[in-house]
2 protein chains.
Amino acid sequence: MRIAVDVLGGDNAPDEILKGVADALLSGEFAAKELLLVGPQAVIQRQLEATGVSELPPILHTEQVIEGHEKPVEGLRSNPEASIVLCVGAVREGKADGLIAFGNTGATVAAATMGLGMLPGIRRPGIAIVLHGRQGPFTVLDAGANPSPKPNHLFQYGLMGASFAQDVLGIAEPRVALLNIGGEAGKGSPVLKEAYAMLEQAPLSFTGNIEGNHLFFGEADVIVADGFAGNMVLKVVEGFAEYLTGRAMEVSQDAGQGLRDTIRQLFGAADYAEVGGASLLGVNGTVLIGHGRSQASAVLPALRAVRKDVEKGVNRHITERIAASQSDNASTSA
Amino acid sequence: MRIAVDVLGGDNAPDEILKGVADALLSGEFAAKELLLVGPQAVIQRQLEATGVSELPPILHTEQVIEGHEKPVEGLRSNPEASIVLCVGAVREGKADGLIAFGNTGATVAAATMGLGMLPGIRRPGIAIVLHGRQGPFTVLDAGANPSPKPNHLFQYGLMGASFAQDVLGIAEPRVALLNIGGEAGKGSPVLKEAYAMLEQAPLSFTGNIEGNHLFFGEADVIVADGFAGNMVLKVVEGFAEYLTGRAMEVSQDAGQGLRDTIRQLFGAADYAEVGGASLLGVNGTVLIGHGRSQASAVLPALRAVRKDVEKGVNRHITERIAASQSDNASTSA
């Protein structure tokens with residue numbers, strides 16, 4: 001197994017990414033040949049050698065990057081050799097089994113969608129983020145790849161999320177719910193109403209609508225969301241956690257640290273600087289999107305996440321599940 | 001000034017509402033003649049007398065209520081004498097200057113919109129909730145009255161929110177921002193893009209898009225949101241606060257209490273049971289919508305909020321601001 005690492009994307013690239021890569025190598029969890037570093041050759045060599053890494057991973061040289069503020073499609077057009085493009089190319093050509101990227105999320109989604117294509121039957125990719133609530137981990141999908149989905153996209157997110165929760169979160173029969181502003185059936189926009197009807201008919205354990213105040217209490221394992229709402233939830237949780245931690249720190253270091261620990265459990269990490277990342281599901285490849293503010297400590301969890309996705313066969317299971325749902329539909333229609 | 005109180009709406013009605021009314025009367029902050037209690041006469045008399053209230057407020061008798069789970073329009077149709085309908089009628093007929101209601105939010109919005117009509121020039125009502133962040137209070141508008149707004153509705157929420165923030169939050173020149181999933185201009189749905197363009201031209205201090213993770217850090221005083229996103233933000237904050245407090249309480253009573261205090265500051269109260277409520281802006285009357293889970297302690301803050309709204313002339317200022325913006329438009333077009 002080999003994982004491509006975008007060394008140039010992210011607010012703290014390349015220094016923190018390379019520090020994280022060095023940690024992954026020095027820990028022995030990943031061998032040099034299991035990584036493919038995509039970025040400026042001389043910088044990578046110099047910085048990794050300075051950390052005491054003896055055997056360097058293979059390097060795919062580039063100095064181009066799509067910055068966080070760039071518009072994805074324009075960025076891709078004007079940087080044909082951008083690190084994220086080369087990472088995606090490596091996966092497409094079988095030189096890597098998956099990739100991790102901490103840069104411009106929109107550009108990563110666009111590069112992966114265009115460069116890898118979709119899994120058979122899938123219409124749109126979705127970002128699956130994992131949070132940890134009272135009953136353990138749950139996933140929110142989509143967290144921002146597709147802000148204006150069609151009902152069928154949300155239906156497919158339900159299926160993709162269920163496969164992901166089975167394989168990655170180890171939940172035998174994931175309960176799937178639809179993020180909405182009312183708990184009862186018949187709430188929300190026409191798109192959500194139609195998605196509700198489709199999910200109700202799906203070969204899934206669908207539990208109905210869920211409101212934002214119920215997310216953290218273990219009522220569902222997969223939260224299907226339109227990308228706008230899913231992203232909003234994630235950002236609000238992030239900002240509110242940061243705000244509360246700051247306030248608590250002002251009151252007492254102890255209280256702040258206690259809250260920080262609670263929030264660490266929520267994200268499976270203290271904050272976005274340490275979270276591995278989110279899985280881009282639906283594309284024909286394994287893509288892990290890290291937060292732009294990631295620091296070195298995010299790299300090893302991100303590498304582990306890609307390895308787990310690949311080893312568990314998430315994409316194969318998604319494809320099988322989608323195919324089964326389509327033959328269901330076909331036989332129902334017939 | 002007289003305020004109508006819906007005694008029957010809410011999860012803990014009528015007992016907690018009447019307990020709160022008694023507290024308001026016994027504190028001396030509100031005289032009996034300043035209230036109009038809408039609910040079952042015998043119950044109101046018995047319960048208030050049991051608390052030692054000597055002079056009873058006037059009562060508008062009804063035993064009908066629209067329950068929280070009922071669909072608003074159906075509830076209004078099948079309960080023509082529902083407490084919320086009589087409250088709205090009292091305001092319309094000048095028997096009360098405003099109302100507070102803790103019941104079915106959708107029914108309150110529908111009853112007020114139909115019964116009071118809109119302020120001149122306003123197209124749709126919006127719910128303004130007040131939160132307290134690092135720099136003090138800010139308002140999110142709309143928090144759920146209008147889940148699929150048109151750009152012009154969002155534009156008007158900007159104007160309404162600015163008047164509200166001036167009058168009620170005491171902010172001389174409120175900074176207005178648009179809730180979105182990207183900070184840069186040109187982000188989000190076509191509706192948000194158009195609303196952005198309109199707000200940019202408005203006689204307002206418009207600061208652009210704001211993401212959910214920036215809400216709590218004092219970057220804007222008025223957060224204009226579509227009702228779906230605004231409601232989502234509110235619910236997520238509510239649920240996340242409840243989750244974190246619970247977790248912290250498990251670790252230590254002290255840590256939990258510390259966090260509870262921080263959250264108390266956020267809402268201006270410990271939780272929804274104590275928050276006064278949210279202002280329904282845009283209707284031709286003063287309507288304060290409390291949380292369904294409100295307890296007695298929410299009643300006095302709600303009464304104070306209505307009194308402040310009325311005394312400060314929020315609705316007059318909204319009307320003036322809307323008229324000015326329309327004559328701006330007219331002179332620009334001319």
# chains A, B, ... in the order shown; residues from 1 in each chain; ligands from 1
>>> residues_around(residues="Asp309 (chain A)", least_positions_apart="5", cutoff="8 Å", atoms="only C-alpha atoms", output="PyMOL selection string")
chain A and resi 167-168+286+314-315
>>> closest_atom_pairs(of="chain A", to="chain B", cutoff="8 Å", atoms="only C-alpha atoms", output="tab-separated table")
residue	atom	partner	partner_atom	distance
A:Gly133	CA	B:Tyr243	CA	7.9
A:Arg134	CA	B:Tyr243	CA	7.6
A:Pro147	CA	B:Gly188	CA	7.6
A:Ser148	CA	B:Ser189	CA	7.4
A:Asn180	CA	B:Met232	CA	7.9
A:Ile181	CA	B:Met232	CA	6.3
A:Gly188	CA	B:Pro147	CA	7.6
A:Ser189	CA	B:Ser148	CA	7.4
A:Glu211	CA	B:Lys235	CA	7.0
A:Gly212	CA	B:Val236	CA	4.4
A:Asn213	CA	B:Gly239	CA	3.6
A:His214	CA	B:Gly239	CA	6.1
A:Leu215	CA	B:Gly239	CA	7.2
A:Phe216	CA	B:Tyr243	CA	6.5
A:Phe217	CA	B:Tyr243	CA	7.4
A:Phe228	CA	B:Ile181	CA	6.5
A:Ala229	CA	B:Ala229	CA	6.5
A:Asn231	CA	B:Ile181	CA	6.6
A:Met232	CA	B:Gly212	CA	5.8
A:Val233	CA	B:Val236	CA	6.7
A:Lys235	CA	B:Asn213	CA	4.6
A:Val236	CA	B:Gly212	CA	4.4
A:Val237	CA	B:Val237	CA	7.2
A:Glu238	CA	B:Asn213	CA	5.8
A:Gly239	CA	B:Asn213	CA	3.6
A:Phe240	CA	B:Asn213	CA	6.8
A:Tyr243	CA	B:Phe216	CA	6.4
A:Leu244	CA	B:Thr262	CA	7.2
A:Arg247	CA	B:Thr262	CA	7.0
A:Ala248	CA	B:Leu259	CA	7.0
A:Ala255	CA	B:Ala255	CA	5.6
A:Gly258	CA	B:Ala255	CA	7.1
A:Leu259	CA	B:Ala248	CA	7.0
A:Thr262	CA	B:Arg247	CA	7.0
>>> select_by_dssp(residues="region 160-242 of chain B", states="helix (DSSP H, G or I)", output="ChimeraX atom specification")
/B:160-167,190-201,212-217,227-242
>>> residues_around(residues="region 163-165 of chain B", least_positions_apart="5", cutoff="7 Å", atoms="only C-alpha atoms", output="list of chain:residue names")
B:Gly170, B:Ile171, B:Pro174, B:Val314, B:His317, B:Ile318
>>> write_last_selection(atoms="C-alpha atoms", output="PDB file, in the first residue's frame")
ATOM      1  CA  GLY B 170     -27.746  49.288  22.230  1.00  0.00           C
ATOM      2  CA  ILE B 171     -25.252  49.056  19.364  1.00  0.00           C
ATOM      3  CA  PRO B 174     -24.477  47.477  13.998  1.00  0.00           C
ATOM      4  CA  VAL B 314     -38.383  48.722  17.358  1.00  0.00           C
ATOM      5  CA  HIS B 317     -37.700  52.159  13.472  1.00  0.00           C
ATOM      6  CA  ILE B 318     -37.923  49.087  11.252  1.00  0.00           C
TER       7      ILE B 318
END
>>> atom_distance(atom1="CA of Gly218 (chain A)", atom2="CA of Gly161 (chain A)")
15.7 Å
>>> atom_distance(atom1="CA of Ala111 (chain B)", atom2="CA of Leu192 (chain B)")
28.1 Å
>>> closest_residue(among="A:Ala324, A:Val85, A:Ala298, A:Ala4", to="Glu63 (chain A)", atoms="only C-alpha atoms")
A:Val85
>>> residues_around(residues="Pro149 (chain B)", least_positions_apart="4", cutoff="7 Å", atoms="only C-alpha atoms", output="list of chain:residue names")
B:His153, B:Leu154, B:Asp226
>>> atom_distance(atom1="CA of Leu35 (chain A)", atom2="CA of Thr319 (chain A)")
26.4 Å
>>> residues_around(residues="Val73 (chain B)", least_positions_apart="3", cutoff="7 Å", atoms="only C-alpha atoms", output="PyMOL selection string")
chain B and resi 76-77+107
>>> residues_around(residues="Gly89 (chain B)", least_positions_apart="3", cutoff="10 Å", atoms="only C-alpha atoms", output="ChimeraX atom specification")
/B:4,83-86,92-96,111-112,115-116
>>> write_last_selection(atoms="C-alpha atoms", output="tab-separated table (two decimals), in the first residue's frame")
chain	number	residue	atom	x	y	z
B	4	ALA	CA	-50.79	39.29	26.63
B	83	SER	CA	-54.76	30.71	23.24
B	84	ILE	CA	-52.26	31.98	20.66
B	85	VAL	CA	-55.09	33.12	18.39
B	86	LEU	CA	-56.71	35.07	21.24
B	92	ARG	CA	-54.66	43.43	16.90
B	93	GLU	CA	-57.55	45.03	18.76
B	94	GLY	CA	-55.27	47.18	20.91
B	95	LYS	CA	-56.17	45.36	24.12
B	96	ALA	CA	-52.49	44.48	24.46
B	111	ALA	CA	-51.15	33.28	13.79
B	112	ALA	CA	-49.16	36.52	14.12
B	115	GLY	CA	-53.69	38.09	12.49
B	116	LEU	CA	-51.44	41.16	12.62
>>> closest_residue(among="A:Val287, A:Val7, A:Leu37, A:Ile44", to="Gln64 (chain A)", atoms="only C-alpha atoms")
A:Val7
>>> residues_around(residues="region 55-60 of chain A", least_positions_apart="4", cutoff="9 Å", atoms="only C-alpha atoms", output="list in words")
Leu25, Ala31, Ala32, Lys33, Glu34, Leu35, Leu36, Leu37, Val38, Gly39, Pro40, Gln41, Ile44, Gln45, Leu48, Glu49, Ser83, Leu86 and Cys87 of chain A
